[in-house]
Amino acid sequence: QVQLVESGGGLVQAGGSLRLSCAASGLAFSAYPMGWFRQAPGKEREFVAGISWNGADTTYADSAKGRFTISKDVAKNAVFLQMNSLKPEDTAVYYCAKARYSYDFYPGGPRRETDVGSWGQGTQVTVSS
């Protein structure tokens with residue numbers, strides 16, 4: 001059974017940084033593209049960042065480009081999201097996501113909800129102005 005457990009969320013002032021972690025178990029972690037999505041109050045869940053199964057390719061939402069960095073550590077079975085220069089509009093619940101299919105089915109990682117096979121429970125990020 002796949003389990004994805006996020007951590008690292010919290011309250012931070014605008015301009016600050018947070019590093020989200022997602023610990024994965026119950027899957028051949030090295031074979032799967034991974035991603036981060038977020039859902040702000042009253043809004044649809046949206047793509048933030050994705051990474052290919054081997055970590056060679058990454059993709060970002062326009063809102064995340066230049067500020068967020070996704071990475072994958074196969075030895076730790078973990079995926080990370082480094083978030084810098086945070087803005088109040090980044091406030092949301094952030095979800096770790098495992099791609100539905102392995103290897104190169106999703107270059108750059110899952111980018112739509114239909115690409116996702118498993119979700120974490122989410123971690124709250126709140127950015128104060």
# chains A, B, ... in the order shown; residues from 1 in each chain; ligands from 1
>>> residues_around(residues="region 55-61 of chain A", least_positions_apart="5", cutoff="12 Å", atoms="only C-alpha atoms", output="PDB file with N, CA, C and O atoms, in the first residue's frame")
ATOM      1  N   PHE A  29       9.980   3.418  -5.309  1.00  0.00           N
ATOM      2  CA  PHE A  29      10.058   4.867  -5.383  1.00  0.00           C
ATOM      3  C   PHE A  29      10.912   5.350  -6.547  1.00  0.00           C
ATOM      4  O   PHE A  29      10.577   6.336  -7.213  1.00  0.00           O
ATOM      5  N   SER A  30      12.010   4.662  -6.809  1.00  0.00           N
ATOM      6  CA  SER A  30      12.934   5.126  -7.850  1.00  0.00           C
ATOM      7  C   SER A  30      12.312   5.087  -9.239  1.00  0.00           C
ATOM      8  O   SER A  30      12.794   5.741 -10.150  1.00  0.00           O
ATOM      9  N   ALA A  31      11.239   4.338  -9.410  1.00  0.00           N
ATOM     10  CA  ALA A  31      10.641   4.165 -10.740  1.00  0.00           C
ATOM     11  C   ALA A  31       9.571   5.197 -11.072  1.00  0.00           C
ATOM     12  O   ALA A  31       9.116   5.258 -12.219  1.00  0.00           O
ATOM     13  N   TYR A  32       9.172   6.000 -10.103  1.00  0.00           N
ATOM     14  CA  TYR A  32       8.003   6.858 -10.313  1.00  0.00           C
ATOM     15  C   TYR A  32       8.310   8.337 -10.371  1.00  0.00           C
ATOM     16  O   TYR A  32       9.044   8.862  -9.519  1.00  0.00           O
ATOM     17  N   PRO A  33       7.720   9.020 -11.347  1.00  0.00           N
ATOM     18  CA  PRO A  33       7.728  10.487 -11.297  1.00  0.00           C
ATOM     19  C   PRO A  33       6.898  10.947 -10.105  1.00  0.00           C
ATOM     20  O   PRO A  33       5.945  10.272  -9.701  1.00  0.00           O
ATOM     21  N   MET A  34       7.253  12.092  -9.554  1.00  0.00           N
ATOM     22  CA  MET A  34       6.561  12.627  -8.391  1.00  0.00           C
ATOM     23  C   MET A  34       6.224  14.092  -8.617  1.00  0.00           C
ATOM     24  O   MET A  34       6.779  14.743  -9.520  1.00  0.00           O
ATOM     25  N   GLY A  35       5.321  14.612  -7.811  1.00  0.00           N
ATOM     26  CA  GLY A  35       4.958  16.010  -7.974  1.00  0.00           C
ATOM     27  C   GLY A  35       4.414  16.618  -6.705  1.00  0.00           C
ATOM     28  O   GLY A  35       4.152  15.919  -5.716  1.00  0.00           O
ATOM     29  N   TRP A  36       4.271  17.922  -6.736  1.00  0.00           N
ATOM     30  CA  TRP A  36       3.617  18.686  -5.675  1.00  0.00           C
ATOM     31  C   TRP A  36       2.467  19.484  -6.292  1.00  0.00           C
ATOM     32  O   TRP A  36       2.623  20.102  -7.349  1.00  0.00           O
ATOM     33  N   PHE A  37       1.341  19.458  -5.591  1.00  0.00           N
ATOM     34  CA  PHE A  37       0.166  20.244  -5.955  1.00  0.00           C
ATOM     35  C   PHE A  37      -0.234  21.051  -4.730  1.00  0.00           C
ATOM     36  O   PHE A  37       0.227  20.775  -3.617  1.00  0.00           O
ATOM     37  N   ARG A  38      -1.114  22.022  -4.909  1.00  0.00           N
ATOM     38  CA  ARG A  38      -1.607  22.793  -3.767  1.00  0.00           C
ATOM     39  C   ARG A  38      -3.053  23.187  -3.984  1.00  0.00           C
ATOM     40  O   ARG A  38      -3.522  23.270  -5.123  1.00  0.00           O
ATOM     41  N   GLU A  46      -4.209  22.710  -7.693  1.00  0.00           N
ATOM     42  CA  GLU A  46      -3.429  23.059  -8.872  1.00  0.00           C
ATOM     43  C   GLU A  46      -2.008  22.493  -8.795  1.00  0.00           C
ATOM     44  O   GLU A  46      -1.469  22.288  -7.711  1.00  0.00           O
ATOM     45  N   PHE A  47      -1.439  22.270  -9.953  1.00  0.00           N
ATOM     46  CA  PHE A  47      -0.075  21.778 -10.072  1.00  0.00           C
ATOM     47  C   PHE A  47       0.908  22.855  -9.625  1.00  0.00           C
ATOM     48  O   PHE A  47       0.727  24.039  -9.913  1.00  0.00           O
ATOM     49  N   VAL A  48       1.981  22.407  -8.932  1.00  0.00           N
ATOM     50  CA  VAL A  48       3.044  23.314  -8.514  1.00  0.00           C
ATOM     51  C   VAL A  48       4.373  22.932  -9.176  1.00  0.00           C
ATOM     52  O   VAL A  48       5.015  23.759  -9.809  1.00  0.00           O
ATOM     53  N   ALA A  49       4.782  21.662  -9.009  1.00  0.00           N
ATOM     54  CA  ALA A  49       6.074  21.226  -9.538  1.00  0.00           C
ATOM     55  C   ALA A  49       6.055  19.720  -9.743  1.00  0.00           C
ATOM     56  O   ALA A  49       5.366  18.999  -9.029  1.00  0.00           O
ATOM     57  N   GLY A  50       6.839  19.246 -10.733  1.00  0.00           N
ATOM     58  CA  GLY A  50       6.946  17.817 -11.001  1.00  0.00           C
ATOM     59  C   GLY A  50       8.379  17.438 -11.300  1.00  0.00           C
ATOM     60  O   GLY A  50       9.185  18.277 -11.710  1.00  0.00           O
ATOM     61  N   GLY A  66      11.447  29.922 -10.665  1.00  0.00           N
ATOM     62  CA  GLY A  66      12.408  30.861 -10.111  1.00  0.00           C
ATOM     63  C   GLY A  66      12.380  30.984  -8.596  1.00  0.00           C
ATOM     64  O   GLY A  66      13.275  31.600  -8.015  1.00  0.00           O
ATOM     65  N   ARG A  67      11.352  30.420  -7.952  1.00  0.00           N
ATOM     66  CA  ARG A  67      11.246  30.515  -6.489  1.00  0.00           C
ATOM     67  C   ARG A  67      11.246  29.137  -5.825  1.00  0.00           C
ATOM     68  O   ARG A  67      11.741  28.999  -4.703  1.00  0.00           O
ATOM     69  N   PHE A  68      10.667  28.144  -6.487  1.00  0.00           N
ATOM     70  CA  PHE A  68      10.544  26.805  -5.898  1.00  0.00           C
ATOM     71  C   PHE A  68      11.476  25.841  -6.621  1.00  0.00           C
ATOM     72  O   PHE A  68      11.717  25.967  -7.836  1.00  0.00           O
ATOM     73  N   THR A  69      11.970  24.841  -5.885  1.00  0.00           N
ATOM     74  CA  THR A  69      12.800  23.798  -6.475  1.00  0.00           C
ATOM     75  C   THR A  69      12.347  22.440  -5.960  1.00  0.00           C
ATOM     76  O   THR A  69      12.290  22.234  -4.742  1.00  0.00           O
ATOM     77  N   ILE A  70      12.036  21.541  -6.886  1.00  0.00           N
ATOM     78  CA  ILE A  70      11.665  20.176  -6.515  1.00  0.00           C
ATOM     79  C   ILE A  70      12.884  19.275  -6.679  1.00  0.00           C
ATOM     80  O   ILE A  70      13.699  19.455  -7.594  1.00  0.00           O
ATOM     81  N   SER A  71      13.021  18.325  -5.748  1.00  0.00           N
ATOM     82  CA  SER A  71      14.126  17.369  -5.833  1.00  0.00           C
ATOM     83  C   SER A  71      13.670  16.023  -5.311  1.00  0.00           C
ATOM     84  O   SER A  71      12.657  15.928  -4.598  1.00  0.00           O
ATOM     85  N   LYS A  72      14.432  14.997  -5.678  1.00  0.00           N
ATOM     86  CA  LYS A  72      14.066  13.640  -5.313  1.00  0.00           C
ATOM     87  C   LYS A  72      15.313  12.933  -4.797  1.00  0.00           C
ATOM     88  O   LYS A  72      16.375  12.995  -5.425  1.00  0.00           O
ATOM     89  N   ASP A  73      15.205  12.280  -3.632  1.00  0.00           N
ATOM     90  CA  ASP A  73      16.313  11.546  -3.041  1.00  0.00           C
ATOM     91  C   ASP A  73      15.910  10.077  -2.969  1.00  0.00           C
ATOM     92  O   ASP A  73      15.147   9.689  -2.073  1.00  0.00           O
ATOM     93  N   VAL A  74      16.440   9.280  -3.889  1.00  0.00           N
ATOM     94  CA  VAL A  74      16.048   7.874  -3.951  1.00  0.00           C
ATOM     95  C   VAL A  74      16.515   7.117  -2.718  1.00  0.00           C
ATOM     96  O   VAL A  74      15.810   6.245  -2.201  1.00  0.00           O
ATOM     97  N   ALA A  78      12.355   9.935  -0.674  1.00  0.00           N
ATOM     98  CA  ALA A  78      11.719  11.203  -0.347  1.00  0.00           C
ATOM     99  C   ALA A  78      11.783  12.183  -1.516  1.00  0.00           C
ATOM    100  O   ALA A  78      12.709  12.143  -2.329  1.00  0.00           O
ATOM    101  N   VAL A  79      10.797  13.044  -1.552  1.00  0.00           N
ATOM    102  CA  VAL A  79      10.789  14.142  -2.519  1.00  0.00           C
ATOM    103  C   VAL A  79      10.618  15.433  -1.721  1.00  0.00           C
ATOM    104  O   VAL A  79       9.939  15.443  -0.675  1.00  0.00           O
ATOM    105  N   PHE A  80      11.260  16.489  -2.192  1.00  0.00           N
ATOM    106  CA  PHE A  80      11.295  17.746  -1.458  1.00  0.00           C
ATOM    107  C   PHE A  80      10.808  18.895  -2.341  1.00  0.00           C
ATOM    108  O   PHE A  80      10.907  18.840  -3.568  1.00  0.00           O
ATOM    109  N   LEU A  81      10.326  19.940  -1.684  1.00  0.00           N
ATOM    110  CA  LEU A  81       9.987  21.174  -2.367  1.00  0.00           C
ATOM    111  C   LEU A  81      10.569  22.327  -1.566  1.00  0.00           C
ATOM    112  O   LEU A  81      10.072  22.635  -0.475  1.00  0.00           O
ATOM    113  N   TYR A 103       8.218   5.357 -14.766  1.00  0.00           N
ATOM    114  CA  TYR A 103       9.243   5.694 -15.751  1.00  0.00           C
ATOM    115  C   TYR A 103       8.813   6.868 -16.623  1.00  0.00           C
ATOM    116  O   TYR A 103       8.352   7.877 -16.124  1.00  0.00           O
ATOM    117  N   ASP A 104       8.973   6.784 -17.931  1.00  0.00           N
ATOM    118  CA  ASP A 104       8.863   7.964 -18.791  1.00  0.00           C
ATOM    119  C   ASP A 104       7.453   8.283 -19.247  1.00  0.00           C
ATOM    120  O   ASP A 104       7.280   9.064 -20.181  1.00  0.00           O
ATOM    121  N   TYR A 106       5.357  10.077 -17.799  1.00  0.00           N
ATOM    122  CA  TYR A 106       5.135  11.507 -17.551  1.00  0.00           C
ATOM    123  C   TYR A 106       6.482  12.217 -17.501  1.00  0.00           C
ATOM    124  O   TYR A 106       7.059  12.376 -16.418  1.00  0.00           O
ATOM    125  N   PRO A 107       7.011  12.634 -18.636  1.00  0.00           N
ATOM    126  CA  PRO A 107       8.260  13.405 -18.593  1.00  0.00           C
ATOM    127  C   PRO A 107       8.082  14.657 -17.756  1.00  0.00           C
ATOM    128  O   PRO A 107       7.114  15.388 -17.920  1.00  0.00           O
ATOM    129  N   GLY A 108       8.988  14.858 -16.784  1.00  0.00           N
ATOM    130  CA  GLY A 108       8.850  16.034 -15.958  1.00  0.00           C
ATOM    131  C   GLY A 108       7.839  15.886 -14.826  1.00  0.00           C
ATOM    132  O   GLY A 108       7.570  16.838 -14.109  1.00  0.00           O
ATOM    133  N   GLY A 109       7.280  14.679 -14.681  1.00  0.00           N
ATOM    134  CA  GLY A 109       6.387  14.443 -13.555  1.00  0.00           C
ATOM    135  C   GLY A 109       4.917  14.644 -13.866  1.00  0.00           C
ATOM    136  O   GLY A 109       4.555  15.171 -14.919  1.00  0.00           O
ATOM    137  N   PRO A 110       4.039  14.255 -12.956  1.00  0.00           N
ATOM    138  CA  PRO A 110       2.591  14.409 -13.151  1.00  0.00           C
ATOM    139  C   PRO A 110       2.206  15.881 -13.075  1.00  0.00           C
ATOM    140  O   PRO A 110       2.656  16.600 -12.183  1.00  0.00           O
ATOM    141  N   ARG A 111       1.358  16.340 -14.004  1.00  0.00           N
ATOM    142  CA  ARG A 111       0.957  17.744 -14.030  1.00  0.00           C
ATOM    143  C   ARG A 111      -0.552  17.944 -13.956  1.00  0.00           C
ATOM    144  O   ARG A 111      -1.004  19.073 -13.752  1.00  0.00           O
ATOM    145  N   ARG A 112      -1.312  16.880 -14.104  1.00  0.00           N
ATOM    146  CA  ARG A 112      -2.769  16.973 -13.972  1.00  0.00           C
ATOM    147  C   ARG A 112      -3.211  15.987 -12.906  1.00  0.00           C
ATOM    148  O   ARG A 112      -2.541  14.986 -12.646  1.00  0.00           O
TER     149      ARG A 112
END
>>> residues_around(residues="Ser85 (chain A)", least_positions_apart="5", cutoff="10 Å", atoms="only C-alpha atoms", output="short mmCIF file (atom, residue, chain, number, x, y, z; two decimals) with all heavy atoms, in the first residue's frame")
data_model
loop_
_atom_site.label_atom_id
_atom_site.label_comp_id
_atom_site.auth_asym_id
_atom_site.auth_seq_id
_atom_site.Cartn_x
_atom_site.Cartn_y
_atom_site.Cartn_z
N GLN A 13 6.58 34.39 7.26
CA GLN A 13 6.33 35.73 6.75
C GLN A 13 6.66 35.81 5.26
O GLN A 13 7.48 35.05 4.74
CB GLN A 13 7.17 36.75 7.50
CG GLN A 13 6.69 37.02 8.92
CD GLN A 13 7.42 38.19 9.56
OE1 GLN A 13 8.57 38.45 9.26
NE2 GLN A 13 6.73 38.88 10.45
N ALA A 14 6.02 36.74 4.59
CA ALA A 14 6.30 36.95 3.17
C ALA A 14 7.80 37.21 2.99
O ALA A 14 8.42 37.92 3.78
CB ALA A 14 5.49 38.12 2.65
N GLY A 15 8.35 36.60 1.94
CA GLY A 15 9.78 36.69 1.68
C GLY A 15 10.59 35.57 2.30
O GLY A 15 11.77 35.40 1.98
N GLY A 16 9.96 34.80 3.19
CA GLY A 16 10.66 33.71 3.85
C GLY A 16 10.69 32.44 3.03
O GLY A 16 10.26 32.41 1.87
N SER A 17 11.23 31.38 3.65
CA SER A 17 11.41 30.10 2.97
C SER A 17 10.87 28.96 3.81
O SER A 17 10.82 29.04 5.04
CB SER A 17 12.90 29.85 2.71
OG SER A 17 13.46 30.83 1.86
N LEU A 18 10.47 27.91 3.12
CA LEU A 18 10.09 26.64 3.75
C LEU A 18 10.57 25.51 2.86
O LEU A 18 10.65 25.67 1.63
CB LEU A 18 8.58 26.53 3.92
CG LEU A 18 7.90 27.28 5.05
CD1 LEU A 18 6.38 27.13 4.95
CD2 LEU A 18 8.38 26.81 6.41
N GLY A 66 11.45 29.92 -10.67
CA GLY A 66 12.41 30.86 -10.11
C GLY A 66 12.38 30.98 -8.60
O GLY A 66 13.28 31.60 -8.01
N ARG A 67 11.35 30.42 -7.95
CA ARG A 67 11.25 30.51 -6.49
C ARG A 67 11.25 29.14 -5.82
O ARG A 67 11.74 29.00 -4.70
CB ARG A 67 9.97 31.26 -6.10
CG ARG A 67 9.87 32.67 -6.63
CD ARG A 67 8.64 33.39 -6.05
NE ARG A 67 7.39 32.72 -6.37
CZ ARG A 67 6.47 32.35 -5.47
NH1 ARG A 67 6.70 32.60 -4.18
NH2 ARG A 67 5.36 31.77 -5.84
N PHE A 68 10.67 28.14 -6.49
CA PHE A 68 10.54 26.81 -5.90
C PHE A 68 11.48 25.84 -6.62
O PHE A 68 11.72 25.97 -7.84
CB PHE A 68 9.12 26.29 -6.04
CG PHE A 68 8.08 27.05 -5.25
CD1 PHE A 68 8.39 28.18 -4.52
CD2 PHE A 68 6.77 26.61 -5.25
CE1 PHE A 68 7.42 28.86 -3.79
CE2 PHE A 68 5.78 27.27 -4.53
CZ PHE A 68 6.12 28.41 -3.82
N ASP A 90 0.83 32.16 -1.92
CA ASP A 90 1.30 30.78 -1.85
C ASP A 90 0.60 30.00 -0.73
O ASP A 90 0.80 28.79 -0.59
CB ASP A 90 2.81 30.72 -1.62
CG ASP A 90 3.60 31.27 -2.80
OD1 ASP A 90 3.22 30.97 -3.95
OD2 ASP A 90 4.58 31.99 -2.56
#
>>> closest_residue(among="A:Gln3, A:Val93, A:Val127, A:Ala24", to="Pro41 (chain A)", atoms="only C-alpha atoms")
A:Val93
>>> closest_residue(among="A:Asn84, A:Glu89, A:Tyr101, A:Thr123", to="Lys43 (chain A)", atoms="only C-alpha atoms")
A:Glu89
>>> atom_distance(atom1="CA of Gln1 (chain A)", atom2="CA of Gly26 (chain A)")
5.1 Å
>>> closest_residue(among="A:Ser102, A:Gln124, A:Gln39, A:Ser52", to="Leu20 (chain A)", atoms="only C-alpha atoms")
A:Gln124
>>> select_by_dssp(residues="region 30-90 of chain A", states="strand (DSSP E or B)", output="number ranges by chain")
A: 34-39, 46-51, 58-60, 68-73, 78-83
>>> write_last_selection(atoms="N, CA and C atoms", output="short mmCIF file (atom, residue, chain, number, x, y, z; two decimals), in the first residue's frame")
data_model
loop_
_atom_site.label_atom_id
_atom_site.label_comp_id
_atom_site.auth_asym_id
_atom_site.auth_seq_id
_atom_site.Cartn_x
_atom_site.Cartn_y
_atom_site.Cartn_z
N MET A 34 7.25 12.09 -9.55
CA MET A 34 6.56 12.63 -8.39
C MET A 34 6.22 14.09 -8.62
N GLY A 35 5.32 14.61 -7.81
CA GLY A 35 4.96 16.01 -7.97
C GLY A 35 4.41 16.62 -6.70
N TRP A 36 4.27 17.92 -6.74
CA TRP A 36 3.62 18.69 -5.68
C TRP A 36 2.47 19.48 -6.29
N PHE A 37 1.34 19.46 -5.59
CA PHE A 37 0.17 20.24 -5.96
C PHE A 37 -0.23 21.05 -4.73
N ARG A 38 -1.11 22.02 -4.91
CA ARG A 38 -1.61 22.79 -3.77
C ARG A 38 -3.05 23.19 -3.98
N GLN A 39 -3.73 23.43 -2.87
CA GLN A 39 -5.12 23.87 -2.92
C GLN A 39 -5.33 24.99 -1.92
N GLU A 46 -4.21 22.71 -7.69
CA GLU A 46 -3.43 23.06 -8.87
C GLU A 46 -2.01 22.49 -8.79
N PHE A 47 -1.44 22.27 -9.95
CA PHE A 47 -0.07 21.78 -10.07
C PHE A 47 0.91 22.85 -9.63
N VAL A 48 1.98 22.41 -8.93
CA VAL A 48 3.04 23.31 -8.51
C VAL A 48 4.37 22.93 -9.18
N ALA A 49 4.78 21.66 -9.01
CA ALA A 49 6.07 21.23 -9.54
C ALA A 49 6.06 19.72 -9.74
N GLY A 50 6.84 19.25 -10.73
CA GLY A 50 6.95 17.82 -11.00
C GLY A 50 8.38 17.44 -11.30
N ILE A 51 8.69 16.15 -11.08
CA ILE A 51 10.04 15.66 -11.33
C ILE A 51 9.93 14.27 -11.94
N THR A 58 12.53 18.40 -14.60
CA THR A 58 11.58 19.02 -13.68
C THR A 58 10.69 20.00 -14.46
N THR A 59 9.50 20.20 -13.96
CA THR A 59 8.59 21.19 -14.52
C THR A 59 7.98 21.99 -13.38
N TYR A 60 7.61 23.22 -13.67
CA TYR A 60 7.05 24.11 -12.66
C TYR A 60 5.88 24.89 -13.23
N PHE A 68 10.67 28.14 -6.49
CA PHE A 68 10.54 26.81 -5.90
C PHE A 68 11.48 25.84 -6.62
N THR A 69 11.97 24.84 -5.88
CA THR A 69 12.80 23.80 -6.48
C THR A 69 12.35 22.44 -5.96
N ILE A 70 12.04 21.54 -6.89
CA ILE A 70 11.66 20.18 -6.51
C ILE A 70 12.88 19.27 -6.68
N SER A 71 13.02 18.33 -5.75
CA SER A 71 14.13 17.37 -5.83
C SER A 71 13.67 16.02 -5.31
N LYS A 72 14.43 15.00 -5.68
CA LYS A 72 14.07 13.64 -5.31
C LYS A 72 15.31 12.93 -4.80
N ASP A 73 15.21 12.28 -3.63
CA ASP A 73 16.31 11.55 -3.04
C ASP A 73 15.91 10.08 -2.97
N ALA A 78 12.36 9.94 -0.67
CA ALA A 78 11.72 11.20 -0.35
C ALA A 78 11.78 12.18 -1.52
N VAL A 79 10.80 13.04 -1.55
CA VAL A 79 10.79 14.14 -2.52
C VAL A 79 10.62 15.43 -1.72
N PHE A 80 11.26 16.49 -2.19
CA PHE A 80 11.29 17.75 -1.46
C PHE A 80 10.81 18.90 -2.34
N LEU A 81 10.33 19.94 -1.68
CA LEU A 81 9.99 21.17 -2.37
C LEU A 81 10.57 22.33 -1.57
N GLN A 82 11.63 22.92 -2.08
CA GLN A 82 12.23 24.09 -1.47
C GLN A 82 11.49 25.32 -1.99
N MET A 83 10.93 26.09 -1.09
CA MET A 83 10.14 27.26 -1.47
C MET A 83 10.79 28.51 -0.90
#
>>> atom_distance(atom1="CA of Lys98 (chain A)", atom2="CA of Trp119 (chain A)")
6.6 Å
>>> select_by_dssp(residues="chain A", states="helix (DSSP H, G or I)", output="PyMOL selection string")
chain A and resi 29-31+88-90+103-105+113-115
>>> write_last_selection(atoms="all heavy atoms", output="compact mmCIF listing (two decimals), in the first residue's frame")
# COMPACT_ATOMS: atom_id res chain seq x y z
N PHE A 29 9.98 3.42 -5.31
CA PHE A 29 10.06 4.87 -5.38
C PHE A 29 10.91 5.35 -6.55
O PHE A 29 10.58 6.34 -7.21
CB PHE A 29 10.62 5.40 -4.07
CG PHE A 29 10.72 6.89 -4.00
CD1 PHE A 29 9.59 7.67 -3.87
CD2 PHE A 29 11.95 7.52 -4.09
CE1 PHE A 29 9.68 9.05 -3.81
CE2 PHE A 29 12.06 8.89 -4.04
CZ PHE A 29 10.91 9.67 -3.90
N SER A 30 12.01 4.66 -6.81
CA SER A 30 12.93 5.13 -7.85
C SER A 30 12.31 5.09 -9.24
O SER A 30 12.79 5.74 -10.15
CB SER A 30 14.21 4.28 -7.83
OG SER A 30 13.90 2.93 -8.12
N ALA A 31 11.24 4.34 -9.41
CA ALA A 31 10.64 4.17 -10.74
C ALA A 31 9.57 5.20 -11.07
O ALA A 31 9.12 5.26 -12.22
CB ALA A 31 10.04 2.77 -10.84
N PRO A 88 2.04 35.80 0.10
CA PRO A 88 0.76 35.42 0.70
C PRO A 88 -0.09 34.54 -0.22
O PRO A 88 -0.82 33.67 0.27
CB PRO A 88 0.09 36.78 0.96
CG PRO A 88 1.24 37.71 1.18
CD PRO A 88 2.30 37.24 0.23
N GLU A 89 0.00 34.73 -1.51
CA GLU A 89 -0.79 33.92 -2.46
C GLU A 89 -0.29 32.48 -2.56
O GLU A 89 -0.93 31.66 -3.23
CB GLU A 89 -0.83 34.57 -3.84
CG GLU A 89 0.51 34.95 -4.41
CD GLU A 89 0.85 36.43 -4.17
OE1 GLU A 89 0.62 36.92 -3.05
OE2 GLU A 89 1.36 37.06 -5.12
N ASP A 90 0.83 32.16 -1.92
CA ASP A 90 1.30 30.78 -1.85
C ASP A 90 0.60 30.00 -0.73
O ASP A 90 0.80 28.79 -0.59
CB ASP A 90 2.81 30.72 -1.62
CG ASP A 90 3.60 31.27 -2.80
OD1 ASP A 90 3.22 30.97 -3.95
OD2 ASP A 90 4.58 31.99 -2.56
N TYR A 103 8.22 5.36 -14.77
CA TYR A 103 9.24 5.69 -15.75
C TYR A 103 8.81 6.87 -16.62
O TYR A 103 8.35 7.88 -16.12
CB TYR A 103 9.63 4.44 -16.54
CG TYR A 103 10.29 3.42 -15.65
CD1 TYR A 103 9.65 2.20 -15.37
CD2 TYR A 103 11.51 3.67 -15.05
CE1 TYR A 103 10.24 1.28 -14.53
CE2 TYR A 103 12.10 2.73 -14.20
CZ TYR A 103 11.46 1.55 -13.93
OH TYR A 103 12.03 0.64 -13.10
N ASP A 104 8.97 6.78 -17.93
CA ASP A 104 8.86 7.96 -18.79
C ASP A 104 7.45 8.28 -19.25
O ASP A 104 7.28 9.06 -20.18
CB ASP A 104 9.78 7.79 -20.00
CG ASP A 104 11.24 7.91 -19.64
OD1 ASP A 104 11.54 8.69 -18.71
OD2 ASP A 104 12.07 7.23 -20.26
N PHE A 105 6.44 7.69 -18.62
CA PHE A 105 5.07 7.99 -19.04
C PHE A 105 4.76 9.47 -18.84
O PHE A 105 4.00 10.06 -19.58
CB PHE A 105 4.08 7.13 -18.25
CG PHE A 105 2.74 7.03 -18.91
CD1 PHE A 105 2.47 6.01 -19.83
CD2 PHE A 105 1.72 7.94 -18.62
CE1 PHE A 105 1.22 5.93 -20.43
CE2 PHE A 105 0.49 7.84 -19.22
CZ PHE A 105 0.24 6.84 -20.13
N GLU A 113 -4.36 16.24 -12.32
CA GLU A 113 -4.85 15.34 -11.28
C GLU A 113 -5.05 13.94 -11.82
O GLU A 113 -4.85 12.95 -11.10
CB GLU A 113 -6.14 15.88 -10.66
CG GLU A 113 -5.94 17.13 -9.84
CD GLU A 113 -7.00 17.30 -8.76
OE1 GLU A 113 -7.57 16.29 -8.30
OE2 GLU A 113 -7.23 18.44 -8.36
N THR A 114 -5.40 13.82 -13.09
CA THR A 114 -5.59 12.50 -13.69
C THR A 114 -4.28 11.76 -13.90
O THR A 114 -4.28 10.55 -14.15
CB THR A 114 -6.32 12.62 -15.03
OG1 THR A 114 -5.63 13.59 -15.85
CG2 THR A 114 -7.77 13.06 -14.83
N ASP A 115 -3.14 12.46 -13.77
CA ASP A 115 -1.82 11.83 -13.87
C ASP A 115 -1.41 11.17 -12.55
O ASP A 115 -0.41 10.47 -12.49
CB ASP A 115 -0.74 12.86 -14.22
CG ASP A 115 -0.94 13.49 -15.58
OD1 ASP A 115 -1.68 12.92 -16.41
OD2 ASP A 115 -0.35 14.57 -15.81
>>> closest_residue(among="A:Gly117, A:Ala99, A:Lys87, A:Ala75", to="Val12 (chain A)", atoms="only C-alpha atoms")
A:Lys87
>>> atom_distance(atom1="CA of Cys96 (chain A)", atom2="CA of Val5 (chain A)")
7.8 Å
>>> residues_around(residues="Thr126 (chain A)", least_positions_apart="3", cutoff="7 Å", atoms="only C-alpha atoms", output="list in words")
Gly10, Leu11, Val12, Thr91 and Ala92 of chain A
